[in-house]
$ cat run_0.txt   # compact mmCIF, C-alpha atoms and all ligand atoms
# COMPACT_ATOMS: atom_id res chain seq x y z
CA MET A 1 -28.07 -26.37 58.34
CA THR A 2 -29.52 -26.50 54.86
CA THR A 3 -27.34 -26.07 51.83
CA ILE A 4 -28.10 -26.34 48.14
CA LEU A 5 -26.12 -28.39 45.68
CA VAL A 6 -25.84 -26.67 42.31
CA ASP A 7 -24.48 -28.39 39.20
CA GLN A 8 -22.43 -25.69 37.51
CA ASP A 9 -22.70 -27.39 34.12
CA LEU A 10 -26.50 -27.21 34.27
CA CYS A 11 -27.05 -23.87 36.06
CA THR A 12 -28.05 -21.10 33.61
CA TRP A 13 -27.77 -18.27 36.17
CA CYS A 14 -31.46 -17.48 35.61
CA GLY A 15 -31.94 -16.43 39.24
CA ILE A 16 -35.36 -18.09 39.62
CA CYS A 17 -34.27 -20.17 42.64
CA SER A 18 -33.48 -16.99 44.51
CA VAL A 19 -36.74 -15.27 43.54
CA VAL A 20 -39.00 -18.20 44.50
CA CYS A 21 -37.24 -19.04 47.78
CA SER A 22 -40.08 -18.82 50.32
CA MET A 23 -37.75 -17.57 53.05
CA GLY A 24 -35.53 -15.37 50.86
CA VAL A 25 -32.33 -17.14 51.88
CA ILE A 26 -30.77 -17.83 48.46
CA ASP A 27 -28.32 -15.39 46.91
CA PRO A 28 -28.64 -15.47 43.11
CA ALA A 29 -25.70 -16.46 40.96
CA ASP A 30 -23.36 -13.86 39.57
CA GLU A 31 -20.53 -14.29 37.10
CA ASN A 32 -18.23 -15.63 39.83
CA THR A 33 -20.50 -17.72 42.04
CA LEU A 34 -23.36 -20.17 41.76
CA PRO A 35 -26.57 -19.54 43.73
CA LYS A 36 -26.05 -20.27 47.39
CA VAL A 37 -27.82 -20.18 50.75
CA GLN A 38 -26.63 -17.18 52.75
CA GLU A 39 -24.80 -18.61 55.74
CA ALA A 40 -26.42 -16.20 58.19
CA LYS A 41 -29.90 -17.25 57.03
CA ALA A 42 -29.38 -21.00 56.52
CA GLY A 43 -31.07 -21.72 59.84
CA ILE A 44 -34.39 -20.26 58.70
CA CYS A 45 -34.65 -22.32 55.52
CA ILE A 46 -37.83 -24.43 55.80
CA ARG A 47 -36.64 -26.93 53.15
CA CYS A 48 -39.80 -26.41 51.09
CA GLY A 49 -37.83 -27.35 47.96
CA HIS A 50 -39.28 -24.55 45.83
CA CYS A 51 -35.77 -23.74 44.62
CA GLU A 52 -35.24 -27.26 43.29
CA ALA A 53 -38.80 -27.56 41.96
CA HIS A 54 -38.58 -24.28 39.99
CA CYS A 55 -35.10 -24.83 38.54
CA PRO A 56 -35.74 -25.10 34.75
CA SER A 57 -32.44 -26.90 34.09
CA GLN A 58 -32.63 -29.39 37.01
CA ALA A 59 -29.35 -27.95 38.26
CA LEU A 60 -30.28 -27.62 41.91
CA LEU A 61 -30.90 -29.92 44.87
CA VAL A 62 -31.62 -29.12 48.51
CA ASN A 63 -29.01 -31.13 50.36
CA ASP A 64 -31.48 -32.53 52.79
CA ARG A 65 -33.80 -35.35 51.76
CA PRO A 66 -32.75 -38.94 51.04
CA ASP A 67 -35.28 -39.56 48.26
CA GLU A 68 -34.81 -38.82 44.57
CA LYS A 69 -35.88 -35.51 43.10
CA VAL A 70 -38.59 -36.29 40.55
CA PRO A 71 -38.47 -34.24 37.34
CA LEU A 72 -41.83 -32.99 36.07
CA PRO A 73 -42.14 -33.63 32.31
CA ALA A 74 -43.93 -30.80 30.45
CA GLY A 75 -47.70 -31.20 30.78
CA ALA A 76 -47.49 -34.06 33.28
CA GLY A 77 -50.15 -33.91 35.97
CA THR A 78 -52.27 -31.30 34.22
CA ILE A 79 -55.99 -31.97 34.29
CA ALA A 80 -58.82 -30.25 32.41
CA PRO A 81 -60.90 -28.02 34.73
CA GLY A 82 -64.12 -29.86 33.88
CA GLU A 83 -62.51 -33.22 34.66
CA MET A 84 -61.20 -31.85 37.94
CA GLY A 85 -64.69 -30.58 38.75
CA PHE A 86 -66.25 -34.00 38.10
CA TYR A 87 -63.49 -35.77 40.00
CA LEU A 88 -64.00 -33.64 43.11
CA LYS A 89 -67.78 -33.48 42.90
CA LYS A 90 -68.16 -37.24 42.58
CA ARG A 91 -66.14 -37.92 45.74
CA ARG A 92 -68.56 -39.45 48.24
CA SER A 93 -68.32 -40.89 51.70
CA VAL A 94 -68.35 -44.66 51.33
CA ARG A 95 -70.17 -46.62 54.02
CA HIS A 96 -70.49 -50.02 52.40
CA PHE A 97 -67.41 -52.06 51.64
CA THR A 98 -66.61 -55.41 50.10
CA LYS A 99 -64.78 -57.95 52.24
CA ASP A 100 -61.65 -57.78 50.04
CA PRO A 101 -58.76 -56.15 51.85
CA VAL A 102 -56.80 -53.34 50.23
CA PRO A 103 -53.20 -54.56 49.86
CA LYS A 104 -50.65 -52.73 52.00
CA GLU A 105 -48.65 -51.75 48.90
CA LYS A 106 -51.67 -49.99 47.45
CA ILE A 107 -52.32 -48.16 50.74
CA LEU A 108 -48.71 -46.99 50.72
CA GLU A 109 -49.16 -45.77 47.15
CA VAL A 110 -52.08 -43.57 48.19
CA LEU A 111 -50.31 -42.41 51.36
CA GLU A 112 -47.31 -41.44 49.24
CA ASN A 113 -49.43 -38.57 47.89
CA THR A 114 -49.91 -37.18 51.39
CA ARG A 115 -46.18 -36.43 51.65
CA TYR A 116 -46.82 -33.52 49.30
CA ALA A 117 -49.65 -31.95 51.28
CA ALA A 118 -49.21 -28.37 52.46
CA SER A 119 -48.04 -28.03 56.06
CA GLY A 120 -47.39 -24.97 58.19
CA GLY A 121 -43.75 -23.92 57.83
CA ASN A 122 -43.28 -27.12 55.78
CA GLY A 123 -43.20 -28.93 59.13
CA GLN A 124 -44.62 -32.20 57.70
CA PRO A 125 -45.59 -33.32 61.21
CA VAL A 126 -48.12 -36.01 60.25
CA GLU A 127 -47.43 -39.71 60.80
CA TRP A 128 -49.82 -42.55 60.13
CA ILE A 129 -51.20 -45.57 61.93
CA VAL A 130 -52.96 -47.97 59.56
CA VAL A 131 -55.23 -50.54 61.16
CA HIS A 132 -55.07 -53.15 58.44
CA ASP A 133 -56.58 -56.19 60.14
CA PRO A 134 -60.41 -55.96 60.00
CA LYS A 135 -60.60 -57.75 63.36
CA ASN A 136 -58.70 -54.85 64.91
CA VAL A 137 -61.02 -52.35 63.21
CA GLN A 138 -63.96 -54.10 64.88
CA LYS A 139 -62.13 -54.01 68.21
CA ILE A 140 -61.66 -50.26 67.82
CA ALA A 141 -65.33 -49.81 66.91
CA GLY A 142 -66.22 -51.76 70.07
CA LEU A 143 -63.95 -49.56 72.19
CA THR A 144 -65.58 -46.48 70.65
CA ILE A 145 -68.96 -47.82 71.78
CA GLU A 146 -67.46 -48.45 75.24
CA TRP A 147 -66.33 -44.79 75.27
CA MET A 148 -69.84 -43.70 74.27
CA LYS A 149 -71.32 -45.68 77.16
CA THR A 150 -69.23 -43.63 79.59
CA LEU A 151 -70.89 -40.46 78.24
CA VAL A 152 -74.57 -41.40 78.36
CA ASN A 153 -76.32 -39.11 80.88
CA SER A 154 -73.32 -36.77 80.89
CA ALA A 155 -73.16 -33.16 79.70
CA HIS A 156 -71.36 -34.24 76.51
CA PRO A 157 -73.00 -32.52 73.49
CA MET A 158 -73.58 -35.94 71.86
CA SER A 159 -75.05 -37.62 74.96
CA GLY A 160 -78.67 -37.52 73.73
CA TYR A 161 -77.72 -39.23 70.47
CA LEU A 162 -75.50 -41.92 71.99
CA PRO A 163 -78.20 -44.42 73.08
CA VAL A 164 -79.33 -44.65 69.43
CA LEU A 165 -75.79 -45.51 68.30
CA ILE A 166 -75.19 -47.92 71.16
CA GLY A 167 -78.54 -49.62 70.51
CA ALA A 168 -77.76 -50.01 66.80
CA TRP A 169 -74.33 -51.48 67.61
CA GLU A 170 -75.90 -53.94 70.05
CA ARG A 171 -78.29 -55.06 67.33
CA GLY A 172 -75.26 -55.88 65.15
CA ASN A 173 -75.20 -52.71 63.04
CA ASP A 174 -71.69 -51.25 62.84
CA VAL A 175 -72.60 -47.57 62.89
CA ILE A 176 -69.06 -46.71 63.99
CA CYS A 177 -66.78 -48.13 61.29
CA ARG A 178 -69.48 -49.14 58.81
CA GLY A 179 -67.93 -52.55 58.31
CA ALA A 180 -64.84 -50.93 56.77
CA PRO A 181 -61.91 -53.33 56.64
CA HIS A 182 -59.32 -50.65 57.43
CA LEU A 183 -58.83 -47.51 59.48
CA LEU A 184 -56.31 -44.74 59.03
CA PHE A 185 -55.19 -42.50 61.91
CA ALA A 186 -53.20 -39.32 61.48
CA THR A 187 -50.98 -38.60 64.47
CA ILE A 188 -49.21 -35.34 65.26
CA PRO A 189 -46.72 -34.11 67.84
CA GLU A 190 -48.22 -32.87 71.10
CA GLY A 191 -47.89 -29.13 71.62
CA ASN A 192 -47.80 -28.16 67.93
CA PRO A 193 -50.92 -26.04 67.38
CA ILE A 194 -50.70 -25.88 63.58
CA ALA A 195 -50.27 -29.65 63.19
CA VAL A 196 -54.00 -30.32 63.69
CA THR A 197 -54.65 -28.39 60.50
CA ASP A 198 -51.75 -30.12 58.75
CA ALA A 199 -53.28 -33.49 59.65
CA ILE A 200 -56.68 -32.57 58.22
CA ILE A 201 -55.01 -31.40 55.01
CA ALA A 202 -53.00 -34.64 54.75
CA LEU A 203 -56.10 -36.75 55.42
CA THR A 204 -57.96 -34.75 52.78
CA HIS A 205 -55.21 -35.65 50.30
CA PHE A 206 -55.78 -39.30 51.17
CA ASP A 207 -59.57 -38.85 50.90
CA VAL A 208 -59.32 -37.16 47.51
CA ALA A 209 -56.62 -39.44 46.07
CA ALA A 210 -58.15 -42.74 47.21
CA PRO A 211 -60.95 -43.00 44.61
CA ALA A 212 -58.37 -42.79 41.81
CA TYR A 213 -57.00 -46.07 43.20
CA GLY A 214 -60.48 -47.61 43.48
CA ILE A 215 -60.58 -47.09 47.25
CA GLY A 216 -63.55 -45.66 49.12
CA THR A 217 -63.18 -43.57 52.28
CA CYS A 218 -65.27 -42.06 55.04
CA TRP A 219 -64.14 -39.73 57.81
CA ALA A 220 -64.46 -41.61 61.10
CA GLY A 221 -65.69 -38.89 63.43
CA PHE A 222 -66.81 -41.13 66.31
CA VAL A 223 -63.58 -43.11 66.32
CA ALA A 224 -61.56 -39.89 66.11
CA MET A 225 -63.34 -38.41 69.13
CA ALA A 226 -62.86 -41.57 71.15
CA ALA A 227 -59.20 -41.85 70.13
CA SER A 228 -58.48 -38.34 71.31
CA SER A 229 -59.74 -38.98 74.85
CA TYR A 230 -60.43 -42.64 75.71
CA GLU A 231 -57.37 -44.27 77.21
CA PRO A 232 -58.24 -47.94 76.54
CA LEU A 233 -58.55 -47.08 72.85
CA GLN A 234 -55.32 -45.09 72.90
CA LYS A 235 -53.59 -48.08 74.49
CA GLU A 236 -54.99 -50.41 71.84
CA LEU A 237 -53.61 -48.14 69.12
CA GLY A 238 -50.22 -47.78 70.78
CA ILE A 239 -49.55 -44.17 69.88
CA PRO A 240 -45.85 -43.26 70.21
CA ALA A 241 -44.84 -41.07 73.18
CA GLY A 242 -45.08 -37.34 72.52
CA ARG A 243 -47.68 -37.77 69.79
CA LYS A 244 -51.48 -37.51 69.78
CA PHE A 245 -54.34 -38.40 67.46
CA ALA A 246 -55.53 -35.78 65.04
CA TYR A 247 -58.26 -37.59 63.12
CA ALA A 248 -59.29 -40.91 61.60
CA MET A 249 -60.69 -42.25 58.34
CA MET A 250 -62.20 -45.59 57.39
CA PHE A 251 -61.48 -47.07 54.00
CA GLY A 252 -61.79 -50.15 51.83
CA ASN A 253 -63.11 -51.32 48.48
CA PRO A 254 -66.51 -49.73 47.81
CA GLN A 255 -69.43 -52.10 47.48
CA TYR A 256 -71.62 -49.78 45.40
CA LYS A 257 -71.04 -47.54 42.40
CA ILE A 258 -72.01 -43.87 42.31
CA TYR A 259 -74.26 -42.79 39.42
CA GLY A 260 -74.94 -39.16 40.26
CA ILE A 261 -73.81 -36.08 42.13
CA PRO A 262 -76.07 -35.11 45.03
CA ARG A 263 -77.41 -31.55 45.36
CA ARG A 264 -75.68 -29.23 47.77
CA LYS A 265 -76.18 -25.80 49.33
CA MET A 266 -75.59 -22.98 46.86
CA LEU A 267 -72.28 -21.16 47.06
CA ALA A 268 -72.13 -18.46 49.71
CA VAL A 269 -69.51 -15.91 48.71
CA SER A 270 -68.87 -12.35 49.86
CA TRP A 271 -66.61 -10.15 47.79
CA LEU A 272 -64.65 -7.31 49.30
C1 LIG B 1 -65.10 -34.45 60.14
C2 LIG B 1 -66.05 -35.48 59.59
C3 LIG B 1 -66.46 -36.56 60.38
C4 LIG B 1 -67.30 -37.52 59.86
N1 LIG B 1 -67.64 -38.61 60.62
C5 LIG B 1 -68.41 -39.58 60.10
C6 LIG B 1 -68.70 -40.77 60.86
O1 LIG B 1 -68.24 -40.97 61.97
N2 LIG B 1 -69.50 -41.70 60.30
C7 LIG B 1 -70.03 -41.54 59.04
O2 LIG B 1 -70.74 -42.43 58.58
N3 LIG B 1 -69.77 -40.42 58.30
C8 LIG B 1 -68.96 -39.46 58.79
N4 LIG B 1 -68.66 -38.34 58.03
C9 LIG B 1 -69.17 -38.22 56.66
C10 LIG B 1 -70.24 -37.12 56.49
O3 LIG B 1 -71.44 -37.56 57.03
C11 LIG B 1 -70.33 -36.82 54.99
O4 LIG B 1 -69.13 -36.21 54.56
C12 LIG B 1 -71.50 -35.90 54.65
O5 LIG B 1 -72.72 -36.52 54.93
C13 LIG B 1 -71.48 -35.52 53.16
O6 LIG B 1 -71.49 -36.66 52.33
P1 LIG B 1 -70.34 -36.89 51.25
O7 LIG B 1 -69.03 -37.01 52.01
O8 LIG B 1 -70.68 -38.13 50.54
O9 LIG B 1 -70.34 -35.69 50.37
C14 LIG B 1 -67.80 -37.38 58.53
C15 LIG B 1 -67.37 -36.31 57.74
C16 LIG B 1 -66.50 -35.39 58.24
C17 LIG B 1 -66.02 -34.28 57.35
$ encode --input "run_0.txt" --output "structure tokens"
Amino acid sequence: MTTILVDQDLCTWCGICSVVCSMGVIDPADENTLPKVQEAKAGICIRCGHCEAHCPSQALLVNDRPDEKVPLPAGAGTIAPGEMGFYLKKRRSVRHFTKDPVPKEKILEVLENTRYAASGGNGQPVEWIVVHDPKNVQKIAGLTIEWMKTLVNSAHPMSGYLPVLIGAWERGNDVICRGAPHLLFATIPEGNPIAVTDAIIALTHFDVAAPAYGIGTCWAGFVAMAASSYEPLQKELGIPAGRKFAYAMMFGNPQYKIYGIPRRKMLAVSWL
């Protein structure tokens, strides 16, 4: 059951924690009591932490997580709209990587950002499998090709395209993992319909954050499809019981620089 810890020396009785509570479970302070979670509603708290994040005097903590609450100094993390636009527009899929591995500590730094991704009901269901050894990445690419071979001449929507990919692989062209040194898999609990979306959001955080750390990424669609259905690949990845693959991403140090922003379809917007 969630409770909140309120420092009475810091609380200013402003009532904001109660107003911003996403589930409406916090009673505001009055002259006799500090803000508190209503006992009858404590079970529906989703531990989103909006009460502690919005508290102007840092008086409040959700009594739930082991990590430190990080204060947000005024102005920290703000970014000019134009800069944001350039940052997002210059994100590109990277398909050529140097041989240098990305250190595990750096990968963890980028993954740290994914902890703050939106998730349905604040469920935070996503866990990660990082394939760090490039030899294992190649093994997974090979298993993906094996999976493709099982689908040639089948009714699979990709079956017509598969011989081209298989042929390229057999000529030594890694069209599956693009020679990336690392692969990232998002896993989610089985039987949680919203978690698929949560995983894509978390992976998008990784995708968007990675370039700031000098890392290039590319969504690994073929690997993801194989991982969701091909048992030998699932075995190789050793997914924990009760969990399934949501999607995959390749990453590493980019070999080439980007000098421009490619053209895209024009915006399609309807207003109601
Ligand atoms: C769901 C998804 C799966 C993808 N799978 C692959 C893939 O298996 N191999 C690949 O080279 N690119 C893959 N891509 C990258 C797309 O081809 C790329 O995003 C698109 O061409 C636009 O280029 P940009 O990302 O540089 O803007 C995938 C992208 C998405 C969103």
$ residues_near_ligand --input "run_0.txt" --ligand "ligand LIG 1 (chain B)" --cutoff "9 Å" --atoms "all atoms listed in the file" --output "list in words"
Lys89, Lys90, Arg91, Arg92, Ser93, Val94, Arg95, Val175, Ile176, Cys177, Arg178, Ile200, Thr217, Cys218, Trp219, Ala220, Gly221, Phe222, Val223, Ala224, Tyr247, Ala248, Met249, Met250, Ile261, Pro262 and Arg264 of chain A
$ closest_atom_pairs --input "run_0.txt" --of "region 182-264 of chain A" --to "region 120-142 of chain A" --cutoff "6 Å" --atoms "all atoms listed in the file" --output "CSV"
residue,atom,partner,partner_atom,distance
A:His182,CA,A:His132,CA,5.0
A:Leu183,CA,A:Val131,CA,5.0
A:Leu184,CA,A:Val130,CA,4.7
A:Phe185,CA,A:Ile129,CA,5.0
A:Ala186,CA,A:Trp128,CA,4.9
A:Thr187,CA,A:Glu127,CA,5.2
A:Ile188,CA,A:Val126,CA,5.2
A:Ala199,CA,A:Val126,CA,5.8
$ atom_distance --input "run_0.txt" --atom1 "CA of Gly191 (chain A)" --atom2 "CA of Leu203 (chain A)"
19.7 Å
$ atom_distance --input "run_0.txt" --atom1 "CA of Cys21 (chain A)" --atom2 "CA of Thr3 (chain A)"
12.8 Å
$ residues_near_point --input "run_0.txt" --point "(-24.7, -13.7, 40.4)" --cutoff "12 Å" --atoms "all atoms listed in the file" --output "number ranges by chain"
A: 11-18, 26-36
$ residues_around --input "run_0.txt" --residues "Leu61 (chain A)" --least-positions-apart "3" --cutoff "9 Å" --atoms "only C-alpha atoms" --output "PDB file with C-alpha atoms, keeping the file's coordinate frame"
ATOM      1  CA  THR A   3     -27.340 -26.070  51.830  1.00  0.00           C
ATOM      2  CA  ILE A   4     -28.100 -26.340  48.140  1.00  0.00           C
ATOM      3  CA  LEU A   5     -26.120 -28.390  45.680  1.00  0.00           C
ATOM      4  CA  VAL A   6     -25.840 -26.670  42.310  1.00  0.00           C
ATOM      5  CA  ASP A   7     -24.480 -28.390  39.200  1.00  0.00           C
ATOM      6  CA  GLY A  49     -37.830 -27.350  47.960  1.00  0.00           C
ATOM      7  CA  CYS A  51     -35.770 -23.740  44.620  1.00  0.00           C
ATOM      8  CA  GLU A  52     -35.240 -27.260  43.290  1.00  0.00           C
ATOM      9  CA  ALA A  53     -38.800 -27.560  41.960  1.00  0.00           C
ATOM     10  CA  GLN A  58     -32.630 -29.390  37.010  1.00  0.00           C
ATOM     11  CA  ASP A  64     -31.480 -32.530  52.790  1.00  0.00           C
ATOM     12  CA  LYS A  69     -35.880 -35.510  43.100  1.00  0.00           C
TER      13      LYS A  69
END
$ atom_distance --input "run_0.txt" --atom1 "CA of Leu111 (chain A)" --atom2 "CA of Ala210 (chain A)"
8.9 Å
$ residues_near_point --input "run_0.txt" --point "(-52.3, -39.5, 50.1)" --cutoff "7 Å" --atoms "all atoms listed in the file" --output "list in words"
Val110, Leu111, Glu112, Asn113, Thr114, Ala202, His205, Phe206 and Ala209 of chain A
$ write_last_selection --input "run_0.txt" --atoms "C-alpha atoms" --output "mmCIF file, in the coordinates of the input"
data_model
loop_
_atom_site.group_PDB
_atom_site.id
_atom_site.type_symbol
_atom_site.label_atom_id
_atom_site.label_comp_id
_atom_site.auth_asym_id
_atom_site.auth_seq_id
_atom_site.Cartn_x
_atom_site.Cartn_y
_atom_site.Cartn_z
ATOM 1 C CA VAL A 110 -52.080 -43.570 48.190
ATOM 2 C CA LEU A 111 -50.310 -42.410 51.360
ATOM 3 C CA GLU A 112 -47.310 -41.440 49.240
ATOM 4 C CA ASN A 113 -49.430 -38.570 47.890
ATOM 5 C CA THR A 114 -49.910 -37.180 51.390
ATOM 6 C CA ALA A 202 -53.000 -34.640 54.750
ATOM 7 C CA HIS A 205 -55.210 -35.650 50.300
ATOM 8 C CA PHE A 206 -55.780 -39.300 51.170
ATOM 9 C CA ALA A 209 -56.620 -39.440 46.070
#
$ axis_aligned_box --input "run_0.txt" --around "region 89-100 of chain A" --padding-each-side "3 Å" --output "AutoDock Vina command-line options"
--center_x -66.1 --center_y -45.7 --center_z 48.3 --size_x 14.8 --size_y 30.5 --size_z 17.4
$ closest_residue --input "run_0.txt" --among "A:Lys257, A:Arg115, A:Lys106, A:Lys99" --to "Thr204 (chain A)" --atoms "all atoms listed in the file"
A:Arg115
$ closest_residue --input "run_0.txt" --among "A:Leu60, A:Ile44, A:Tyr87, A:Ile239" --to "Gly260 (chain A)" --atoms "all atoms listed in the file"
A:Tyr87
$ closest_residue --input "run_0.txt" --among "A:Gly75, A:Pro103, A:Gly43, A:Gly85" --to "Met1 (chain A)" --atoms "all atoms listed in the file"
A:Gly43
$ closest_atom_pairs --input "run_0.txt" --of "region 46-148 of chain A" --to "region 39-42 of chain A" --cutoff "12 Å" --atoms "all atoms listed in the file" --output "CSV"
residue,atom,partner,partner_atom,distance
A:Ile46,CA,A:Ala42,CA,9.1
A:Arg47,CA,A:Ala42,CA,10.0
A:Val62,CA,A:Ala42,CA,11.6
A:Asn63,CA,A:Ala42,CA,11.9
